[in-house]
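Structure file data.cif with mmCIF, C-alpha atoms and all ligand atoms; chains and numbers go by the auth columns:
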data_input
#
loop_
_atom_site.group_PDB
_atom_site.id
_atom_site.type_symbol
_atom_site.label_atom_id
_atom_site.label_comp_id
_atom_site.label_asym_id
_atom_site.label_seq_id
_atom_site.Cartn_x
_atom_site.Cartn_y
_atom_site.Cartn_z
_atom_site.B_iso_or_equiv
_atom_site.auth_seq_id
_atom_site.auth_asym_id
ATOM 1 C CA MET A 1 -9.511 28.963 12.662 0.00 8 A
ATOM 2 C CA SER A 2 -12.977 27.827 11.590 0.00 9 A
ATOM 3 C CA THR A 3 -14.482 24.681 13.140 0.00 10 A
ATOM 4 C CA PHE A 4 -14.658 23.163 9.640 0.00 11 A
ATOM 5 C CA LEU A 5 -10.916 23.604 9.123 0.00 12 A
ATOM 6 C CA VAL A 6 -10.076 22.257 12.608 0.00 13 A
ATOM 7 C CA ARG A 7 -12.178 19.125 11.929 0.00 14 A
ATOM 8 C CA ARG A 8 -10.511 18.578 8.553 0.00 15 A
ATOM 9 C CA LEU A 9 -7.035 18.977 10.084 0.00 16 A
ATOM 10 C CA ARG A 10 -8.010 16.522 12.841 0.00 17 A
ATOM 11 C CA SER A 11 -9.177 13.921 10.338 0.00 18 A
ATOM 12 C CA ILE A 12 -5.896 14.304 8.402 0.00 19 A
ATOM 13 C CA ALA A 13 -4.063 13.752 11.723 0.00 20 A
ATOM 14 C CA HIS A 14 -6.107 10.556 12.290 0.00 21 A
ATOM 15 C CA ALA A 15 -5.233 9.313 8.798 0.00 22 A
ATOM 16 C CA LEU A 16 -1.533 10.046 9.377 0.00 23 A
ATOM 17 C CA ARG A 17 -1.736 8.137 12.678 0.00 24 A
ATOM 18 C CA GLY A 18 -3.207 5.217 10.686 0.00 25 A
ATOM 19 C CA LEU A 19 -0.316 5.442 8.224 0.00 26 A
ATOM 20 C CA GLY A 20 2.177 5.445 11.124 0.00 27 A
ATOM 21 C CA HIS A 21 0.446 2.388 12.629 0.00 28 A
ATOM 22 C CA LEU A 22 0.684 0.609 9.266 0.00 29 A
ATOM 23 C CA VAL A 23 4.421 1.234 8.976 0.00 30 A
ATOM 24 C CA ARG A 24 5.119 0.320 12.623 0.00 31 A
ATOM 25 C CA THR A 25 3.108 -2.910 12.690 0.00 32 A
ATOM 26 C CA GLN A 26 2.894 -4.330 9.148 0.00 33 A
ATOM 27 C CA GLY A 27 5.930 -5.958 7.569 0.00 34 A
ATOM 28 C CA ASN A 28 4.312 -5.517 4.145 0.00 35 A
ATOM 29 C CA ALA A 29 3.935 -1.770 4.697 0.00 36 A
ATOM 30 C CA ARG A 30 7.666 -1.502 5.425 0.00 37 A
ATOM 31 C CA VAL A 31 8.346 -3.322 2.145 0.00 38 A
ATOM 32 C CA HIS A 32 6.018 -0.824 0.380 0.00 39 A
ATOM 33 C CA LEU A 33 7.875 2.054 2.069 0.00 40 A
ATOM 34 C CA ALA A 34 11.255 0.733 0.899 0.00 41 A
ATOM 35 C CA ALA A 35 9.870 0.213 -2.632 0.00 42 A
ATOM 36 C CA THR A 36 8.333 3.708 -2.638 0.00 43 A
ATOM 37 C CA VAL A 37 11.635 5.329 -1.621 0.00 44 A
ATOM 38 C CA ALA A 38 13.618 3.202 -4.123 0.00 45 A
ATOM 39 C CA VAL A 39 11.226 4.029 -6.984 0.00 46 A
ATOM 40 C CA CYS A 40 11.325 7.776 -6.208 0.00 47 A
ATOM 41 C CA ILE A 41 15.136 7.756 -6.111 0.00 48 A
ATOM 42 C CA ALA A 42 15.234 5.786 -9.408 0.00 49 A
ATOM 43 C CA GLY A 43 12.765 8.264 -10.952 0.00 50 A
ATOM 44 C CA LEU A 44 15.063 11.166 -10.000 0.00 51 A
ATOM 45 C CA VAL A 45 18.230 9.364 -11.145 0.00 52 A
ATOM 46 C CA PHE A 46 16.739 8.455 -14.558 0.00 53 A
ATOM 47 C CA GLY A 47 15.073 11.863 -14.944 0.00 54 A
ATOM 48 C CA ILE A 48 11.722 10.301 -15.891 0.00 55 A
ATOM 49 C CA ASP A 49 9.105 12.583 -17.454 0.00 56 A
ATOM 50 C CA ARG A 50 5.794 13.909 -16.087 0.00 57 A
ATOM 51 C CA ASN A 51 3.678 11.084 -17.535 0.00 58 A
ATOM 52 C CA GLU A 52 5.987 8.459 -16.084 0.00 59 A
ATOM 53 C CA TRP A 53 5.753 10.123 -12.645 0.00 60 A
ATOM 54 C CA LEU A 54 1.951 10.086 -12.988 0.00 61 A
ATOM 55 C CA TRP A 55 1.961 6.299 -13.525 0.00 62 A
ATOM 56 C CA LEU A 56 4.292 5.783 -10.580 0.00 63 A
ATOM 57 C CA VAL A 57 2.101 7.949 -8.325 0.00 64 A
ATOM 58 C CA VAL A 58 -0.969 5.908 -9.366 0.00 65 A
ATOM 59 C CA ALA A 59 0.870 2.620 -8.713 0.00 66 A
ATOM 60 C CA ILE A 60 2.256 3.725 -5.332 0.00 67 A
ATOM 61 C CA SER A 61 -1.106 5.133 -4.167 0.00 68 A
ATOM 62 C CA LEU A 62 -2.929 1.969 -5.238 0.00 69 A
ATOM 63 C CA VAL A 63 -0.577 -0.307 -3.292 0.00 70 A
ATOM 64 C CA TRP A 64 -0.684 1.828 -0.122 0.00 71 A
ATOM 65 C CA SER A 65 -4.495 2.090 -0.305 0.00 72 A
ATOM 66 C CA ALA A 66 -4.880 -1.677 -0.745 0.00 73 A
ATOM 67 C CA GLU A 67 -2.501 -2.317 2.175 0.00 74 A
ATOM 68 C CA ALA A 68 -4.375 0.144 4.410 0.00 75 A
ATOM 69 C CA PHE A 69 -7.769 -1.446 3.602 0.00 76 A
ATOM 70 C CA ASN A 70 -6.313 -4.931 4.092 0.00 77 A
ATOM 71 C CA THR A 71 -4.945 -4.016 7.521 0.00 78 A
ATOM 72 C CA ALA A 72 -8.196 -2.249 8.477 0.00 79 A
ATOM 73 C CA LEU A 73 -10.186 -5.364 7.588 0.00 80 A
ATOM 74 C CA GLU A 74 -7.804 -7.643 9.540 0.00 81 A
ATOM 75 C CA LEU A 75 -7.936 -5.421 12.635 0.00 82 A
ATOM 76 C CA LEU A 76 -11.717 -5.077 12.446 0.00 83 A
ATOM 77 C CA ALA A 77 -12.248 -8.813 11.950 0.00 84 A
ATOM 78 C CA ASP A 78 -9.973 -9.680 14.899 0.00 85 A
ATOM 79 C CA ALA A 79 -11.659 -7.058 17.118 0.00 86 A
ATOM 80 C CA VAL A 80 -15.252 -8.106 16.440 0.00 87 A
ATOM 81 C CA HIS A 81 -14.571 -11.868 16.160 0.00 88 A
ATOM 82 C CA PRO A 82 -11.385 -12.938 17.982 0.00 89 A
ATOM 83 C CA VAL A 83 -12.224 -16.639 17.523 0.00 90 A
ATOM 84 C CA ARG A 84 -11.088 -18.203 14.219 0.00 91 A
ATOM 85 C CA HIS A 85 -13.868 -18.533 11.651 0.00 92 A
ATOM 86 C CA PRO A 86 -13.697 -19.825 8.061 0.00 93 A
ATOM 87 C CA GLY A 87 -15.639 -16.790 6.785 0.00 94 A
ATOM 88 C CA ILE A 88 -13.121 -14.422 8.376 0.00 95 A
ATOM 89 C CA GLY A 89 -10.304 -16.459 6.873 0.00 96 A
ATOM 90 C CA ARG A 90 -11.847 -16.068 3.401 0.00 97 A
ATOM 91 C CA ALA A 91 -12.416 -12.335 3.946 0.00 98 A
ATOM 92 C CA LYS A 92 -8.769 -11.891 4.965 0.00 99 A
ATOM 93 C CA ASP A 93 -7.614 -13.919 1.953 0.00 100 A
ATOM 94 C CA ALA A 94 -9.717 -11.722 -0.363 0.00 101 A
ATOM 95 C CA ALA A 95 -8.282 -8.561 1.213 0.00 102 A
ATOM 96 C CA ALA A 96 -4.758 -9.950 0.847 0.00 103 A
ATOM 97 C CA ALA A 97 -5.558 -10.713 -2.813 0.00 104 A
ATOM 98 C CA ALA A 98 -6.335 -7.003 -3.325 0.00 105 A
ATOM 99 C CA VAL A 99 -2.827 -6.133 -2.096 0.00 106 A
ATOM 100 C CA LEU A 100 -1.295 -8.807 -4.321 0.00 107 A
ATOM 101 C CA VAL A 101 -3.146 -7.529 -7.416 0.00 108 A
ATOM 102 C CA ALA A 102 -2.158 -3.920 -6.662 0.00 109 A
ATOM 103 C CA ALA A 103 1.483 -4.892 -6.054 0.00 110 A
ATOM 104 C CA ALA A 104 1.615 -6.982 -9.255 0.00 111 A
ATOM 105 C CA GLY A 105 0.137 -4.074 -11.242 0.00 112 A
ATOM 106 C CA ALA A 106 2.664 -1.704 -9.651 0.00 113 A
ATOM 107 C CA ALA A 107 5.511 -4.063 -10.573 0.00 114 A
ATOM 108 C CA VAL A 108 4.339 -4.106 -14.217 0.00 115 A
ATOM 109 C CA ILE A 109 4.071 -0.290 -14.236 0.00 116 A
ATOM 110 C CA GLY A 110 7.558 -0.066 -12.719 0.00 117 A
ATOM 111 C CA LEU A 111 8.954 -2.333 -15.435 0.00 118 A
ATOM 112 C CA LEU A 112 7.200 -0.414 -18.234 0.00 119 A
ATOM 113 C CA VAL A 113 8.532 2.899 -16.873 0.00 120 A
ATOM 114 C CA PHE A 114 12.100 1.907 -16.001 0.00 121 A
ATOM 115 C CA LEU A 115 12.968 -0.803 -18.540 0.00 122 A
ATOM 116 C CA PRO A 116 13.313 1.627 -21.499 0.00 123 A
ATOM 117 C CA HIS A 117 15.576 3.869 -19.367 0.00 124 A
ATOM 118 C CA LEU A 118 17.699 0.907 -18.279 0.00 125 A
ATOM 119 C CA LEU A 119 17.972 -0.391 -21.862 0.00 126 A
ATOM 120 C CA ALA A 120 18.865 3.100 -23.144 0.00 127 A
ATOM 121 C CA GLY A 121 21.595 3.281 -20.485 0.00 128 A
ATOM 122 C CA TRP A 122 23.151 0.021 -21.692 0.00 129 A
ATOM 123 C CA ARG A 123 23.205 1.021 -25.382 0.00 130 A
HETATM 124 N N1 LIG B . -9.740 -15.409 12.495 0.00 201 B
HETATM 125 C C1 LIG B . -9.398 -16.216 11.486 0.00 201 B
HETATM 126 N N2 LIG B . -10.191 -17.230 11.120 0.00 201 B
HETATM 127 C C2 LIG B . -9.860 -18.039 10.093 0.00 201 B
HETATM 128 N N3 LIG B . -8.737 -17.917 9.355 0.00 201 B
HETATM 129 C C3 LIG B . -7.896 -16.928 9.663 0.00 201 B
HETATM 130 C C4 LIG B . -8.179 -16.031 10.743 0.00 201 B
HETATM 131 N N4 LIG B . -7.154 -15.125 10.827 0.00 201 B
HETATM 132 C C5 LIG B . -6.307 -15.471 9.838 0.00 201 B
HETATM 133 N N5 LIG B . -6.736 -16.523 9.133 0.00 201 B
HETATM 134 C C6 LIG B . -6.072 -17.133 7.951 0.00 201 B
HETATM 135 O O1 LIG B . -4.670 -16.922 8.036 0.00 201 B
HETATM 136 C C7 LIG B . -4.232 -16.060 6.974 0.00 201 B
HETATM 137 C C8 LIG B . -3.191 -15.108 7.507 0.00 201 B
HETATM 138 O O2 LIG B . -3.805 -14.269 8.444 0.00 201 B
HETATM 139 P P1 LIG B . -3.027 -13.133 9.220 0.00 201 B
HETATM 140 O O3 LIG B . -4.001 -12.353 10.022 0.00 201 B
HETATM 141 O O4 LIG B . -1.844 -13.749 9.896 0.00 201 B
HETATM 142 O O5 LIG B . -2.572 -12.259 8.023 0.00 201 B
HETATM 143 P P2 LIG B . -1.087 -11.978 7.573 0.00 201 B
HETATM 144 O O6 LIG B . -0.467 -13.203 6.971 0.00 201 B
HETATM 145 O O7 LIG B . -0.408 -11.306 8.702 0.00 201 B
HETATM 146 O O8 LIG B . -1.447 -10.994 6.412 0.00 201 B
HETATM 147 P P3 LIG B . -0.803 -9.615 6.154 0.00 201 B
HETATM 148 O O9 LIG B . 0.609 -9.965 5.747 0.00 201 B
HETATM 149 O O10 LIG B . -1.659 -9.058 5.068 0.00 201 B
HETATM 150 O O11 LIG B . -0.899 -8.839 7.431 0.00 201 B
HETATM 151 C C9 LIG B . -5.516 -15.355 6.497 0.00 201 B
HETATM 152 O O12 LIG B . -5.388 -14.891 5.179 0.00 201 B
HETATM 153 C C10 LIG B . -6.531 -16.455 6.676 0.00 201 B
HETATM 154 O O13 LIG B . -6.460 -17.370 5.599 0.00 201 B
#
What is this structure when it is put down as structure tokens?
Ligand SMILES: Nc1ncnc2c1ncn2[C@@H]1O[C@H](COP(=O)(O)OP(=O)(O)OP(=O)(O)O)[C@@H](O)[C@H]1O
Amino acid sequence: MSTFLVRRLRSIAHALRGLGHLVRTQGNARVHLAATVAVCIAGLVFGIDRNEWLWLVVAISLVWSAEAFNTALELLADAVHPVRHPGIGRAKDAAAAAVLVAAAGAAVIGLLVFLPHLLAGWR
């Protein structure tokens, strides 16, 4: 195998290790995992179309990316400056806000995708 390919595979392995660390250590990531599984099952049950899957994939990816960056910032801040500092507190709050915004957007997307299916089921 070429050195290029080996390096790429190694960096994917590092990213997967990061994902594993997120799920093992972050309560929020476990909530995202449960929501991801629930949304995928609901998508299959309701037989949502291609466009609806696209929106769900965007929403899920956005939330996981925000959570990963938030955790990276927290770990980095605690590693380089273990003593509490108001600036680090504000940085962590801003990073947490990114997760909140992504999760709120994902919730709205979820409602827009699933509400019509739920309403159609009740009619
Ligand atoms: N080193 C610090 N200096 C100042 N304030 C801090 C520091 N660490 C945390 N804080 C404050 O406490 C809040 C919670 O920080 P913590 O690291 O416990 O995150 P968390 O609640 O576990 O967030 P998440 O659920 O995203 O992991 C921060 O958003 C910040 O306001």
Report the closest atom pair, with its distance in Å rounded to one decimal, for each residue of chain A that has an atom no farther than 9 Å from ligand LIG 201 (chain B); count only C-alpha atoms and all ligand atoms, sort by chain and then rising residue number, and write it as a tab-separated table.
residue	atom	partner	partner_atom	distance
A:Thr32	CA	B:LIG201	O11	8.9
A:Gln33	CA	B:LIG201	O11	6.1
A:Gly34	CA	B:LIG201	O9	6.9
A:Asn35	CA	B:LIG201	O9	6.0
A:Ala36	CA	B:LIG201	O9	8.9
A:Glu74	CA	B:LIG201	O10	7.4
A:Asn77	CA	B:LIG201	O10	6.3
A:Thr78	CA	B:LIG201	O11	6.3
A:Glu81	CA	B:LIG201	O3	6.1
A:Leu82	CA	B:LIG201	O3	8.4
A:Ala84	CA	B:LIG201	N1	7.1
A:Asp85	CA	B:LIG201	N1	6.2
A:His88	CA	B:LIG201	N1	7.0
A:Pro89	CA	B:LIG201	N1	6.2
A:Val90	CA	B:LIG201	N1	5.7
A:Arg91	CA	B:LIG201	N2	3.4
A:His92	CA	B:LIG201	N2	3.9
A:Pro93	CA	B:LIG201	C2	4.7
A:Gly94	CA	B:LIG201	C2	6.8
A:Ile95	CA	B:LIG201	N2	4.9
A:Gly96	CA	B:LIG201	N3	3.3
A:Arg97	CA	B:LIG201	O13	6.0
A:Ala98	CA	B:LIG201	O12	7.6
A:Lys99	CA	B:LIG201	O12	4.5
A:Asp100	CA	B:LIG201	O12	4.0
A:Ala101	CA	B:LIG201	O12	7.7
A:Ala102	CA	B:LIG201	O10	7.7
A:Ala103	CA	B:LIG201	O10	5.3
A:Ala104	CA	B:LIG201	O10	8.9
A:Val106	CA	B:LIG201	O10	7.8
Taking all atoms listed in the file into account, name the residue in A:Leu69, A:Ala22, A:Leu122, A:Ala109 that is nearest to Ile55 (chain A).
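With all atoms listed in the file as the atom set, the closest residue is A:Leu122.
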With a distance cut-off of 9 Å and all atoms listed in the file, select the neighbouring residues of Gly112 (chain A), excluding the residue or stretch itself and same-chain residues fewer than 4 positions from it, and output the selection as an mmCIF file with C-alpha atoms, in the frame of the given file.
data_model
loop_
_atom_site.group_PDB
_atom_site.id
_atom_site.type_symbol
_atom_site.label_atom_id
_atom_site.label_comp_id
_atom_site.auth_asym_id
_atom_site.auth_seq_id
_atom_site.Cartn_x
_atom_site.Cartn_y
_atom_site.Cartn_z
ATOM 1 C CA ALA A 66 0.870 2.620 -8.713
ATOM 2 C CA VAL A 70 -0.577 -0.307 -3.292
ATOM 3 C CA LEU A 107 -1.295 -8.807 -4.321
ATOM 4 C CA VAL A 108 -3.146 -7.529 -7.416
ATOM 5 C CA ILE A 116 4.071 -0.290 -14.236
ATOM 6 C CA GLY A 117 7.558 -0.066 -12.719
#
One decimal, in Å: what's the spacing between CA of Arg24 (chain A) and CA of Val44 (chain A)?
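Computing it gives 19.8 Å between the two atoms.
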Taking the file as shown, what set of residues would the PyMOL selection byres (((chain A and resi 61-65) around 10) and not hetatm) give back, as a list in words?
Thr43, Val46, Cys47, Gly50, Asp56, Arg57, Asn58, Glu59, Trp60, Ala66, Ile67, Ser68, Leu69, Val70, Ala113, Ala114, Ile116, Gly117, Leu119 and Val120 of chain A
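Our summary of the geometry notes that CA of Val30 (chain A) is positioned 22.9 Å from CA of Arg15 (chain A).
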Here CA of Ala110 (chain A) and CA of Gly25 (chain A) stand apart by 20.1 Å
A:Ala111, A:Ala20, A:Ala75, A:Leu118: which is nearest Ala49 (chain A), counting all atoms listed in the file?
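Looking only at the distances to Ala49 (chain A), the closest residue turns out to be A:Leu118.
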How big is the axis-aligned box around all listed atoms of region 30-49 of chain A once 4 Å goes on each side, and where's its centre, in Å to one decimal, as JSON?
{"center_x": 9.1, "center_y": 0.9, "center_z": 1.6, "size_x": 20.3, "size_y": 21.7, "size_z": 30.1}
